[in-house]
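Quick notes on the structure that follows.
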Amino acid sequence: MYDQRISGTKDLPKPAQWHRIAVHNDALGAYAVQQLFKNSSVYVEGEIETRVYNDSINGEVKSIPEICVRRDG
């Protein structure tokens, strides 16, 4: 995990940023499920999209930003 720590300084490290990834390629998605786990460090290229949905508990409209991967991997 890269969190921009610089050895030898007394500054607090910047917190890591976590992103939701949506894989729209069956073969690449199957590979990701087999090889990756929560908090895995990966390099991803894709489009940033916002998925909008209705919350089933309270009916609110919510949005989730995702990095969408659609290319062949």
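Please note that chains go A, B, ... in the order of the structure tokens, that every chain numbers its residues from 1, and that ligands are numbered from 1 in the order shown.
Residue neighbourhood of range 66-72 of chain A, excluding near-sequence residues (fewer than 3 positions): Trp18, His19, Arg20, Ile21, Ala22, Val23, His24, Asn25, Asp26, Ala27, Leu28, Gly29, Tyr31, Ala32, Tyr43, Val44, Glu45, Gly46, Glu47, Ile48, Glu49, Thr50, Arg51, Val52 and Ser63 of chain A, at 12 Å, using only C-alpha atoms.
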Checklist entry - chain A: which residues are helix (DSSP H, G or I) by DSSP, as a ChimeraX atom specification? => result /A:26-35
Checklist entry - Could you state the separation of CA of Val42 in chain A and CA of Pro65 in chain A in Å, given to one decimal place? => result 17.8 Å
Next on the checklist: Let's see if you can do this: from backbone DSSP, list all strand (DSSP E) residues in chain A, as an MDAnalysis selection string.
Outcome noted: chainID A and resid 20:23 47:54 61:69
Hey, can you spit out that residue selection with C-alpha atoms as a compact mmCIF listing (two decimals), in the first residue's frame?
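Saved file out.txt follows:
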# COMPACT_ATOMS: atom_id res chain seq x y z
CA ARG A 20 -14.47 0.78 -5.50
CA ILE A 21 -13.63 -1.06 -8.74
CA ALA A 22 -16.29 -2.41 -11.12
CA VAL A 23 -14.94 -4.92 -13.68
CA GLU A 47 -13.32 5.44 -16.35
CA ILE A 48 -14.62 7.06 -13.16
CA GLU A 49 -18.40 6.72 -13.13
CA THR A 50 -21.04 7.38 -10.50
CA ARG A 51 -23.63 4.65 -9.93
CA VAL A 52 -26.96 5.95 -8.60
CA TYR A 53 -29.39 3.69 -6.72
CA ASN A 54 -32.31 3.78 -4.29
CA VAL A 61 -31.26 8.08 -3.60
CA LYS A 62 -27.55 7.39 -3.12
CA SER A 63 -24.55 7.54 -5.41
CA ILE A 64 -21.30 5.59 -5.43
CA PRO A 65 -18.23 6.62 -7.45
CA GLU A 66 -16.52 3.63 -9.10
CA ILE A 67 -13.58 3.02 -11.39
CA CYS A 68 -15.10 1.00 -14.26
CA VAL A 69 -12.80 -1.40 -16.12
Checklist entry - To one decimal place, how far is CA of Asn39 in chain A from CA of Asp55 in chain A in Å? => result 25.6 Å
Checklist entry - Could you state the separation of CA of Ser40 in chain A and CA of Pro13 in chain A in Å, given to one decimal place? => result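 Atom-to-atom, CA of Ser40 in chain A and CA of Pro13 in chain A are spaced 19.4 Å apart.
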